[in-house]
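These notes are about the structure you will find just below.
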Amino acid sequence: MQSVMTTPASSRSLEADRVAAAAMTLVTNVGLRGLTLRDLAQAVGKSTTVIVNLFGAKAGLIEAIAFRAFEQDKAYHESFFAGVDALALSRDSLLALTARYLRERAAPSADFARVWEELLVSPDPAAFLPPLLRRWDLMRRNAWTAFLSRRPGLESFGEAISTYLIIEQFYVGALGGRSDYEVIAAEGLGGLIDRAFSRPDDPASATESYVDRMVIPKAPGDGLEPDSIKRRLLDVAADQILSKGVGVVTNRSVSTEIGTSTSTIAYHWADMRRFVIDAIWHAVFREMPRYLDYRHPLGAGPPDVQRWGEMMALTLETPPGGERGFYVKYARLIAQVCLQARRDPSFQELAMILRGPEGGGNYINRDELWPPQFDLTRRAATRFALWIKGAAIMAAATGDAPDAARLRAAAATLVTQHD
């Protein structure tokens with residue numbers, strides 16, 4: 001039997017694959033920001049010189065693992081749907097399938113999904129990334145649409161499900177295993193699948209009971225003078241979180257920007273974690289446009305469908321500033337909190353407070369925000385809220401924001417309308 005010689009080229013390719021696989025495992029544990037060539041070299045038992053020779057700088061390594069993760073995720077979707085291709089597509093089977101999809105993608109072994117999540121909220125995307133994420137989004141949508149098309153009338157729901165699952169995947173990664181999350185998530189997912197099968201919404205009993213007993217966070221900036229030191233600390237930290245992520249805020253990063261002592265935060269807050277959480281809520285309330293703020297109703301009455309689409313489209317624009325892009329900022333913040341909670345369980349409670357009442361603001365404010373022909377039940381409000389946040393994350397990552405027409409179509413898909 002003739003032996004096969006391993007060529008230098010194939011040996012290099014095998015080495016690159018091994019290093020890329022190890023890098024993806026590290027990303028699962030520490031995120032893209034925490035990935036260093038030194039730690040990677042230690043993990044694979046090589047020098048950093050070897051890694052640089054294979055990929056160039058860290059940017060080349062990230063590009064390599066991004067394309068590797070995409071191919072693995074594509075293979076995952078093909079295998080996932082092939083496994084149920086012969087089964088009848090019913091309400092119960094689709095509910096079980098979507099729940100399993102989320103569980104599998106949240107598993108530590110699904111490092112391709114972790115890479116995808118990190119890339120979606122990357123604060124400094126390289127030029128290759130938006131086109132790749134567009135392909136990724138299209139791949140997921142097409143996979144769901146092709147599967148749903150086996151039952152007439154369901155193929156149009158492929159985009160709604162795949163977009164909804166974007167943000168829920170972040171939540172399940174942070175909160176999977178918590179009983180309160182599991183119950184509320186199942187209720188929301190059940191409402192989504194019921195809508196796909198044109199079934200009426202049941203009451204959102206679990207969500208409502210959670211909201212009834214939760215302590216609704218207050219805006220940390222309320223009552224503070226704009227030029228007060230406490231307000232300035234919150235503003236700087238909120239800006240850093242929105243631009244670079246939750247993990248970048250440190251005592252020094254905030255104090256240096258303001259030009260104050262590092263003891264100033266400790267004077268106003270019991271600990272750094274409490275300060276960061278207050279800064280997160282400050283970012284949410286500070287950026288929220290008035291027409292979405294259920295705490296301060298405008299009394300203007302409901303808009304028509306055209307105006308509603310225009311108002312919602314503003315929340316998905318990617319340029320920062322004012323009311324523009326609110327859902328982009330808010331959804332990315334939620335995703336970053338969830339990624340932080342994966343690595344730091346002390347952030348799980350914050351992630352749960354964000355997930356538990358999802359859609360509550362829309363629901364409470366429905367008489368002012370939603371056109372009267374929409375029957376915005378509590379479950380409908382939840383599924384639209386999760387959908388629009390998934391759309392917002394993708395809009396920020398690709399630069400392709402949904403326009404008013406797509407928003408109106410999504411609302412018609414997700415929310416029942418009166419005759």
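For the structure tokens, the naming scheme is as follows: chains receive sequential letters (A, B, ...) according to their order of presentation, residues are indexed from 1 within each chain, and ligands are indexed from 1 in presentation order.
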
* Asked: What residues in region 275-393 of chain A get the DSSP label alpha helix (DSSP H)? Please answer as a ChimeraX atom specification.
  -> /A:275-287,305-314,326-343,348-355,360-364,366-369,378-393

Would you put the residues from that selection into a file with C-alpha atoms, as a PDB file, in the first residue's frame?
```pdb
ATOM      1  CA  PHE A 275     -22.475  51.788  39.070  1.00  0.00           C
ATOM      2  CA  VAL A 276     -22.281  49.840  35.786  1.00  0.00           C
ATOM      3  CA  ILE A 277     -25.869  48.608  36.179  1.00  0.00           C
ATOM      4  CA  ASP A 278     -27.079  52.145  36.879  1.00  0.00           C
ATOM      5  CA  ALA A 279     -25.167  53.335  33.802  1.00  0.00           C
ATOM      6  CA  ILE A 280     -26.917  50.663  31.712  1.00  0.00           C
ATOM      7  CA  TRP A 281     -30.347  51.803  32.867  1.00  0.00           C
ATOM      8  CA  HIS A 282     -29.316  55.427  32.386  1.00  0.00           C
ATOM      9  CA  ALA A 283     -28.429  54.618  28.777  1.00  0.00           C
ATOM     10  CA  VAL A 284     -31.849  53.017  28.245  1.00  0.00           C
ATOM     11  CA  PHE A 285     -33.934  55.830  29.710  1.00  0.00           C
ATOM     12  CA  ARG A 286     -31.766  58.618  28.309  1.00  0.00           C
ATOM     13  CA  GLU A 287     -32.015  57.339  24.726  1.00  0.00           C
ATOM     14  CA  VAL A 305     -50.303  52.756   9.887  1.00  0.00           C
ATOM     15  CA  GLN A 306     -48.167  54.977   7.661  1.00  0.00           C
ATOM     16  CA  ARG A 307     -47.048  57.194  10.532  1.00  0.00           C
ATOM     17  CA  TRP A 308     -46.471  54.172  12.788  1.00  0.00           C
ATOM     18  CA  GLY A 309     -44.089  52.686  10.227  1.00  0.00           C
ATOM     19  CA  GLU A 310     -42.185  55.955   9.931  1.00  0.00           C
ATOM     20  CA  MET A 311     -41.851  56.280  13.728  1.00  0.00           C
ATOM     21  CA  MET A 312     -40.601  52.727  14.123  1.00  0.00           C
ATOM     22  CA  ALA A 313     -38.194  53.097  11.206  1.00  0.00           C
ATOM     23  CA  LEU A 314     -36.460  55.921  13.092  1.00  0.00           C
ATOM     24  CA  PHE A 326     -33.129  53.673  19.814  1.00  0.00           C
ATOM     25  CA  TYR A 327     -33.850  49.993  19.212  1.00  0.00           C
ATOM     26  CA  VAL A 328     -30.419  49.578  17.654  1.00  0.00           C
ATOM     27  CA  LYS A 329     -28.796  50.910  20.821  1.00  0.00           C
ATOM     28  CA  TYR A 330     -31.158  49.069  23.159  1.00  0.00           C
ATOM     29  CA  ALA A 331     -30.913  45.694  21.415  1.00  0.00           C
ATOM     30  CA  ARG A 332     -27.128  45.808  21.250  1.00  0.00           C
ATOM     31  CA  LEU A 333     -27.028  46.741  24.929  1.00  0.00           C
ATOM     32  CA  ILE A 334     -29.247  43.754  25.789  1.00  0.00           C
ATOM     33  CA  ALA A 335     -27.020  41.446  23.758  1.00  0.00           C
ATOM     34  CA  GLN A 336     -23.906  42.765  25.503  1.00  0.00           C
ATOM     35  CA  VAL A 337     -25.508  42.294  28.930  1.00  0.00           C
ATOM     36  CA  CYS A 338     -26.364  38.714  27.992  1.00  0.00           C
ATOM     37  CA  LEU A 339     -22.819  38.012  26.822  1.00  0.00           C
ATOM     38  CA  GLN A 340     -21.512  39.502  30.068  1.00  0.00           C
ATOM     39  CA  ALA A 341     -23.942  37.324  32.065  1.00  0.00           C
ATOM     40  CA  ARG A 342     -22.534  34.211  30.395  1.00  0.00           C
ATOM     41  CA  ARG A 343     -19.150  34.984  31.908  1.00  0.00           C
ATOM     42  CA  GLN A 348     -28.004  37.295  35.158  1.00  0.00           C
ATOM     43  CA  GLU A 349     -30.541  39.127  37.270  1.00  0.00           C
ATOM     44  CA  LEU A 350     -30.171  42.216  35.091  1.00  0.00           C
ATOM     45  CA  ALA A 351     -30.618  40.085  31.961  1.00  0.00           C
ATOM     46  CA  MET A 352     -33.764  38.567  33.478  1.00  0.00           C
ATOM     47  CA  ILE A 353     -35.200  41.999  34.317  1.00  0.00           C
ATOM     48  CA  LEU A 354     -34.653  42.953  30.673  1.00  0.00           C
ATOM     49  CA  ARG A 355     -36.247  39.759  29.311  1.00  0.00           C
ATOM     50  CA  GLY A 360     -44.378  45.658  28.170  1.00  0.00           C
ATOM     51  CA  GLY A 361     -43.753  49.245  27.130  1.00  0.00           C
ATOM     52  CA  ASN A 362     -45.441  48.694  23.760  1.00  0.00           C
ATOM     53  CA  TYR A 363     -48.361  46.971  25.462  1.00  0.00           C
ATOM     54  CA  ILE A 364     -48.912  49.618  28.144  1.00  0.00           C
ATOM     55  CA  ARG A 366     -50.549  50.617  22.822  1.00  0.00           C
ATOM     56  CA  ASP A 367     -53.376  53.163  22.700  1.00  0.00           C
ATOM     57  CA  GLU A 368     -50.899  55.910  21.798  1.00  0.00           C
ATOM     58  CA  LEU A 369     -48.331  53.945  19.824  1.00  0.00           C
ATOM     59  CA  ARG A 378     -49.648  40.882  25.662  1.00  0.00           C
ATOM     60  CA  ARG A 379     -48.186  37.953  23.721  1.00  0.00           C
ATOM     61  CA  ALA A 380     -48.295  39.914  20.477  1.00  0.00           C
ATOM     62  CA  ALA A 381     -46.407  42.761  22.149  1.00  0.00           C
ATOM     63  CA  THR A 382     -43.727  40.323  23.316  1.00  0.00           C
ATOM     64  CA  ARG A 383     -43.183  38.712  19.938  1.00  0.00           C
ATOM     65  CA  PHE A 384     -43.046  42.062  18.138  1.00  0.00           C
ATOM     66  CA  ALA A 385     -40.590  43.423  20.728  1.00  0.00           C
ATOM     67  CA  LEU A 386     -38.275  40.441  20.289  1.00  0.00           C
ATOM     68  CA  TRP A 387     -38.582  40.604  16.506  1.00  0.00           C
ATOM     69  CA  ILE A 388     -37.736  44.298  16.289  1.00  0.00           C
ATOM     70  CA  LYS A 389     -34.719  43.857  18.568  1.00  0.00           C
ATOM     71  CA  GLY A 390     -33.452  41.015  16.398  1.00  0.00           C
ATOM     72  CA  ALA A 391     -33.958  43.233  13.348  1.00  0.00           C
ATOM     73  CA  ALA A 392     -32.155  46.084  15.125  1.00  0.00           C
ATOM     74  CA  ILE A 393     -29.092  43.973  15.941  1.00  0.00           C
TER      75      ILE A 393
END
```

Within 10 Å of region 402-419 of chain A: each region 329-373 of chain A residue with its shortest pair, only C-alpha atoms, as a Markdown table:
```
| residue | atom | partner | partner_atom | distance |
| --- | --- | --- | --- | --- |
| A:Trp370 | CA | A:Ala411 | CA | 9.9 |
| A:Pro371 | CA | A:Gln417 | CA | 9.7 |
| A:Pro372 | CA | A:His418 | CA | 8.5 |
| A:Gln373 | CA | A:His418 | CA | 5.2 |
```

Of A:Ala143, A:Ile241, A:Ile216, A:Leu132, the one sitting nearest Ser79 (chain A) when using only C-alpha atoms is A:Ala143

TODO: Tell me which of A:Leu87, A:Thr264, A:Leu138, A:Glu15 sits closest to Asn53 (chain A), counting only C-alpha atoms.
DONE: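 The closest residue to Asn53 (chain A) is A:Glu15.
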
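Residues in contact range of Pro200 (chain A), defined as at most 9 Å between only C-alpha atoms, with sequence neighbours fewer than 4 positions away removed, read Gly191, Asp194, Arg195 and Thr416 of chain A.
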
Just the selected residues (N, CA, C and O atoms), exported as a PDB file, in the first residue's frame, please.
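Output saved as out04.pdb:
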```
ATOM      1  N   GLY A 191     -46.598  31.740  21.871  1.00  0.00           N
ATOM      2  CA  GLY A 191     -47.382  32.769  21.206  1.00  0.00           C
ATOM      3  C   GLY A 191     -46.923  33.009  19.775  1.00  0.00           C
ATOM      4  O   GLY A 191     -47.738  33.253  18.880  1.00  0.00           O
ATOM      5  N   ASP A 194     -48.189  30.002  17.773  1.00  0.00           N
ATOM      6  CA  ASP A 194     -49.637  30.121  17.610  1.00  0.00           C
ATOM      7  C   ASP A 194     -49.986  31.112  16.506  1.00  0.00           C
ATOM      8  O   ASP A 194     -50.903  30.879  15.712  1.00  0.00           O
ATOM      9  N   ARG A 195     -49.275  32.213  16.467  1.00  0.00           N
ATOM     10  CA  ARG A 195     -49.524  33.212  15.420  1.00  0.00           C
ATOM     11  C   ARG A 195     -49.219  32.640  14.038  1.00  0.00           C
ATOM     12  O   ARG A 195     -49.949  32.903  13.081  1.00  0.00           O
ATOM     13  N   THR A 416     -52.327  40.319  15.174  1.00  0.00           N
ATOM     14  CA  THR A 416     -53.646  40.176  14.560  1.00  0.00           C
ATOM     15  C   THR A 416     -54.261  41.556  14.325  1.00  0.00           C
ATOM     16  O   THR A 416     -54.094  42.472  15.135  1.00  0.00           O
TER      17      THR A 416
END
```

(Q) Please determine, counting only C-alpha atoms, which residue among A:Gly56, A:Pro131, A:Gly176, A:Gly31 has the shortest atom-to-atom distance to Glu117 (chain A). (A)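 Closest candidate: A:Gly31.
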
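The shortest atom-to-atom distance to Thr36 (chain A), with only C-alpha atoms taken into account, belongs to A:Thr48 out of A:Thr98, A:Ser122, A:Ser11, A:Thr48.
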
If you count only C-alpha atoms, the residue of A:Ala174, A:Leu298, A:Ile62, A:Val44 closest to Pro108 (chain A) turns out to be A:Ala174

Item checked: Contacts of region 210-213 of chain A within 10 Å, only C-alpha atoms, excl. fewer than 5 positions in-chain, as a PyMOL selection string -> chain A and resi 180-181+184+205+353+356-358+360

Correct to one decimal, the distance CA of Arg18 (chain A)-CA of Asp344 (chain A) is 28.0 Å

Computed gap from CA of Asp239 (chain A) to CA of Arg273 (chain A) is 16.6 Å
